[in-house]
Amino acid sequence: MRFVLTFLIVVFSQQVTCSQTLETQIDSVITTVFKDKNGPGSVFLVAKDGNPLYRKAFGMANLELNVPMIPNNVFQIGSMTKQFTAVAIMMLEEQGELSVSDVISKYIPDYPNGSNISIHHLLTHTSGIKDFTKMKSIMTIAKKDFTPKELVDFFKDEPVTFEPGEQFSYNNSGYVVLGYIIELVSGNTYEDFIETNIFKKLGMADSRYASDRNIVKHRAYGYHNRGTFSNKMYVSLSIPYASGSLMSTVDDMLKWQMAINDDLLINEKTKEKVFANYTVNNGESIDYGYGWHLKDINGVPTREHGGSIFGFKSMGVYVPSIDIYVIGFSNCDCNSPTKATRDIASIVINANL
């Protein structure tokens with residue numbers, strides 16, 4: 001009995017030591033990037049098999065009011081929105097409302113070259129459509145409230161940068177068109193579709209289409225650092241739209257990842273299409289599925305995506321083989337969580353938990 005008790009104490013002590021070591025290592029990675037305790041901060045979460053191993057906040061959520069960051073602060077997630085747009089499209093495909101092989105002229109008849117551009121091209125950033133965020137005229141509309149049609153009309157007549165399927169070129173315009181197609185097919189606004197069919201269904205109570213006007217409980221305020229900290233520039237959230245206009249928390253993003261794993265929104269067959277590593281016309285792999293980059297960390301396959309929008313940056317890494325999820329949010333576009341998130345994932349992979 002004494003031997004068994006001693007053995008259990010040793011095992012428990014080793015587990016505690018491992019946990020403390022892991023926590024210390026993760027703390028070190030984050031504080032290397034987010035050094036200023038009195039500046040804008042971050043929130044990071046690490047989960048294994050859906051259970052949080054690490055969940056911490058750093059720095060300040062509001063500089064003017066001296067409000068410290070807390071783990072359940074709400075951030076704009078920028079281009080991580082694309083995951084939700086892609087899954088919404090696939091939900092509609094499962095319902096028989098559309099097919100990824102459909103050309104976009106089926107839904108937007110007057111779209112130039114639309115008979116040669118498929119939904120698949122939009123999802124994989126291989127459409128050749130001009131990225132409207134790279135147009136010099138973007139700042140003329142940045143503060144205007146546009147309908148999805150007005151936003152699509154803003155860039156649709158721009159010359160294509162290459163023929164559909166020829167290249168991979170990360171493209172916000174493609175996901176704007178996808179959002180518009182979701183509206184045309186479903187009869188709901190993009191905001192309402194995501195809210196009803198994803199957020200409410202999954203219990204993501206702190207996630208929403210972003211707003212600078214509405215009261216958002218536990219909002220983390222966004223900042224720039226151009227020599228000194230300043231409040232983020234105002235941009236109408238109708239402009240990033242389906243390519244980057246959602247808000248969330250690290251806890252809600254874990255619910256999202258678990259829902260993908262558990263087939264709560266799309267089935268296994270559909271997921272195979274979402275996480276397939278597609279190719280361009282010449283057969284070259286693009287390391288992108290539908291809404292996720294398909295990469296690796298030290299040879300271990302990962303599904304990743306980041307986001308960047310005025311005042312905020314985000315990054316999420318999922319390691320399918322060991323069910324590890326790492327998510328990091330920053331409320332200053334001066335501090336990217338991308339490297340820290342990948343470094344943390346590497347630490348957890350090497351820990352062999």
# chains A, B, ... in the order shown; residues from 1 in each chain; ligands from 1

$ residues_around --residues "Pro159 in chain A" --least-positions-apart "3" --cutoff "9 Å" --atoms "only C-alpha atoms" --output "list in words"
Gly128, Ile129, Lys130, Lys156 and Phe162 of chain A

$ closest_atom_pairs --of "range 268-312 of chain A" --to "range 341-345 of chain A" --cutoff "12 Å" --atoms "only C-alpha atoms" --output "JSON lines"
{"residue": "A:Lys295", "atom": "CA", "partner": "A:Arg342", "partner_atom": "CA", "distance": 10.7}
{"residue": "A:Asp296", "atom": "CA", "partner": "A:Arg342", "partner_atom": "CA", "distance": 9.6}
{"residue": "A:Ile297", "atom": "CA", "partner": "A:Arg342", "partner_atom": "CA", "distance": 7.5}
{"residue": "A:Asn298", "atom": "CA", "partner": "A:Ala345", "partner_atom": "CA", "distance": 10.3}
{"residue": "A:Val300", "atom": "CA", "partner": "A:Ala345", "partner_atom": "CA", "distance": 10.3}
{"residue": "A:Pro301", "atom": "CA", "partner": "A:Ala345", "partner_atom": "CA", "distance": 11.3}
{"residue": "A:Thr302", "atom": "CA", "partner": "A:Ala345", "partner_atom": "CA", "distance": 9.5}
{"residue": "A:Arg303", "atom": "CA", "partner": "A:Arg342", "partner_atom": "CA", "distance": 11.0}
{"residue": "A:Glu304", "atom": "CA", "partner": "A:Arg342", "partner_atom": "CA", "distance": 9.1}
{"residue": "A:His305", "atom": "CA", "partner": "A:Thr341", "partner_atom": "CA", "distance": 10.7}
{"residue": "A:Gly306", "atom": "CA", "partner": "A:Thr341", "partner_atom": "CA", "distance": 9.9}

$ closest_residue --among "A:Thr147, A:Ile181, A:Tyr54, A:Asp263" --to "Leu98 in chain A" --atoms "only C-alpha atoms"
A:Ile181

$ select_by_dssp --residues "range 114-219 of chain A" --states "strand (DSSP E or B)" --output "list in words"
Ser118, Arg208, Tyr209 and Arg219 of chain A

$ atom_distance --atom1 "CA of Tyr288 in chain A" --atom2 "CA of His120 in chain A"
11.6 Å

$ closest_residue --among "A:Ile89, A:Leu294, A:Ala276, A:Met247" --to "Phe75 in chain A" --atoms "only C-alpha atoms"
A:Met247

$ residues_around --residues "Leu178 in chain A" --least-positions-apart "6" --cutoff "9 Å" --atoms "only C-alpha atoms" --output "ChimeraX atom specification"
/A:85-86,89,119,122-123,242-243

$ decode --residues "range 191-218 of chain A" --atoms "N, CA, C and O atoms" --output "JSON list (two decimals), in the first residue's frame"
[["chain", "number", "residue", "atom", "x", "y", "z"],
["A", 191, "GLU", "N", -24.57, 38.23, -42.08],
["A", 191, "GLU", "CA", -24.54, 38.35, -40.62],
["A", 191, "GLU", "C", -25.57, 37.41, -39.99],
["A", 191, "GLU", "O", -25.25, 36.67, -39.05],
["A", 192, "ASP", "N", -26.80, 37.44, -40.47],
["A", 192, "ASP", "CA", -27.85, 36.61, -39.90],
["A", 192, "ASP", "C", -27.59, 35.13, -40.13],
["A", 192, "ASP", "O", -27.87, 34.29, -39.26],
["A", 193, "PHE", "N", -27.06, 34.79, -41.30],
["A", 193, "PHE", "CA", -26.78, 33.37, -41.60],
["A", 193, "PHE", "C", -25.75, 32.82, -40.62],
["A", 193, "PHE", "O", -25.94, 31.73, -40.05],
["A", 194, "ILE", "N", -24.65, 33.56, -40.42],
["A", 194, "ILE", "CA", -23.60, 33.09, -39.51],
["A", 194, "ILE", "C", -24.11, 33.05, -38.07],
["A", 194, "ILE", "O", -23.87, 32.09, -37.34],
["A", 195, "GLU", "N", -24.84, 34.09, -37.69],
["A", 195, "GLU", "CA", -25.36, 34.16, -36.32],
["A", 195, "GLU", "C", -26.30, 32.99, -36.02],
["A", 195, "GLU", "O", -26.18, 32.33, -34.99],
["A", 196, "THR", "N", -27.24, 32.73, -36.92],
["A", 196, "THR", "CA", -28.27, 31.71, -36.68],
["A", 196, "THR", "C", -27.74, 30.30, -36.84],
["A", 196, "THR", "O", -27.99, 29.42, -36.00],
["A", 197, "ASN", "N", -26.99, 30.06, -37.92],
["A", 197, "ASN", "CA", -26.61, 28.70, -38.27],
["A", 197, "ASN", "C", -25.29, 28.23, -37.67],
["A", 197, "ASN", "O", -25.00, 27.03, -37.69],
["A", 198, "ILE", "N", -24.51, 29.18, -37.14],
["A", 198, "ILE", "CA", -23.24, 28.79, -36.53],
["A", 198, "ILE", "C", -23.15, 29.25, -35.08],
["A", 198, "ILE", "O", -23.09, 28.42, -34.17],
["A", 199, "PHE", "N", -23.16, 30.55, -34.84],
["A", 199, "PHE", "CA", -22.95, 31.05, -33.49],
["A", 199, "PHE", "C", -24.00, 30.53, -32.50],
["A", 199, "PHE", "O", -23.65, 30.00, -31.43],
["A", 200, "LYS", "N", -25.27, 30.69, -32.83],
["A", 200, "LYS", "CA", -26.33, 30.23, -31.92],
["A", 200, "LYS", "C", -26.33, 28.72, -31.79],
["A", 200, "LYS", "O", -26.51, 28.17, -30.69],
["A", 201, "LYS", "N", -26.13, 28.04, -32.88],
["A", 201, "LYS", "CA", -26.15, 26.58, -32.87],
["A", 201, "LYS", "C", -25.05, 26.02, -31.98],
["A", 201, "LYS", "O", -25.25, 25.01, -31.28],
["A", 202, "LEU", "N", -23.90, 26.67, -31.99],
["A", 202, "LEU", "CA", -22.75, 26.16, -31.23],
["A", 202, "LEU", "C", -22.61, 26.78, -29.84],
["A", 202, "LEU", "O", -21.70, 26.43, -29.10],
["A", 203, "GLY", "N", -23.51, 27.70, -29.51],
["A", 203, "GLY", "CA", -23.40, 28.37, -28.21],
["A", 203, "GLY", "C", -22.25, 29.34, -28.13],
["A", 203, "GLY", "O", -21.70, 29.59, -27.05],
["A", 204, "MET", "N", -21.88, 29.92, -29.28],
["A", 204, "MET", "CA", -20.80, 30.92, -29.31],
["A", 204, "MET", "C", -21.39, 32.29, -28.98],
["A", 204, "MET", "O", -21.51, 33.17, -29.82],
["A", 205, "ALA", "N", -21.74, 32.45, -27.70],
["A", 205, "ALA", "CA", -22.53, 33.61, -27.27],
["A", 205, "ALA", "C", -21.77, 34.93, -27.34],
["A", 205, "ALA", "O", -22.39, 36.00, -27.37],
["A", 206, "ASP", "N", -20.44, 34.87, -27.37],
["A", 206, "ASP", "CA", -19.65, 36.09, -27.39],
["A", 206, "ASP", "C", -19.09, 36.40, -28.78],
["A", 206, "ASP", "O", -18.20, 37.25, -28.93],
["A", 207, "SER", "N", -19.59, 35.69, -29.80],
["A", 207, "SER", "CA", -19.16, 35.93, -31.17],
["A", 207, "SER", "C", -20.26, 36.66, -31.94],
["A", 207, "SER", "O", -21.44, 36.46, -31.68],
["A", 208, "ARG", "N", -19.86, 37.48, -32.91],
["A", 208, "ARG", "CA", -20.82, 38.30, -33.62],
["A", 208, "ARG", "C", -20.17, 38.96, -34.84],
["A", 208, "ARG", "O", -18.95, 38.92, -34.98],
["A", 209, "TYR", "N", -21.02, 39.51, -35.68],
["A", 209, "TYR", "CA", -20.51, 40.39, -36.74],
["A", 209, "TYR", "C", -20.06, 41.67, -36.04],
["A", 209, "TYR", "O", -20.79, 42.22, -35.20],
["A", 210, "ALA", "N", -18.89, 42.14, -36.36],
["A", 210, "ALA", "CA", -18.29, 43.25, -35.62],
["A", 210, "ALA", "C", -19.07, 44.55, -35.78],
["A", 210, "ALA", "O", -19.71, 44.79, -36.81],
["A", 211, "SER", "N", -19.00, 45.38, -34.76],
["A", 211, "SER", "CA", -19.61, 46.70, -34.78],
["A", 211, "SER", "C", -18.80, 47.62, -33.88],
["A", 211, "SER", "O", -18.41, 47.23, -32.78],
["A", 212, "ASP", "N", -18.57, 48.84, -34.36],
["A", 212, "ASP", "CA", -17.93, 49.85, -33.52],
["A", 212, "ASP", "C", -18.96, 50.69, -32.78],
["A", 212, "ASP", "O", -18.61, 51.49, -31.92],
["A", 213, "ARG", "N", -20.23, 50.53, -33.15],
["A", 213, "ARG", "CA", -21.29, 51.35, -32.57],
["A", 213, "ARG", "C", -22.02, 50.65, -31.43],
["A", 213, "ARG", "O", -22.36, 51.26, -30.42],
["A", 214, "ASN", "N", -22.29, 49.36, -31.61],
["A", 214, "ASN", "CA", -23.05, 48.61, -30.61],
["A", 214, "ASN", "C", -22.22, 48.34, -29.37],
["A", 214, "ASN", "O", -20.99, 48.29, -29.42],
["A", 215, "ILE", "N", -22.92, 48.16, -28.26],
["A", 215, "ILE", "CA", -22.25, 47.79, -27.01],
["A", 215, "ILE", "C", -21.85, 46.32, -27.10],
["A", 215, "ILE", "O", -22.69, 45.45, -27.33],
["A", 216, "VAL", "N", -20.58, 46.05, -26.92],
["A", 216, "VAL", "CA", -20.07, 44.68, -26.93],
["A", 216, "VAL", "C", -19.40, 44.44, -25.58],
["A", 216, "VAL", "O", -18.35, 45.01, -25.28],
["A", 217, "LYS", "N", -20.04, 43.62, -24.76],
["A", 217, "LYS", "CA", -19.53, 43.36, -23.42],
["A", 217, "LYS", "C", -18.15, 42.72, -23.49],
["A", 217, "LYS", "O", -17.92, 41.81, -24.29],
["A", 218, "HIS", "N", -17.23, 43.22, -22.69],
["A", 218, "HIS", "CA", -15.85, 42.72, -22.63],
["A", 218, "HIS", "C", -15.07, 42.97, -23.91],
["A", 218, "HIS", "O", -14.13, 42.24, -24.22]]
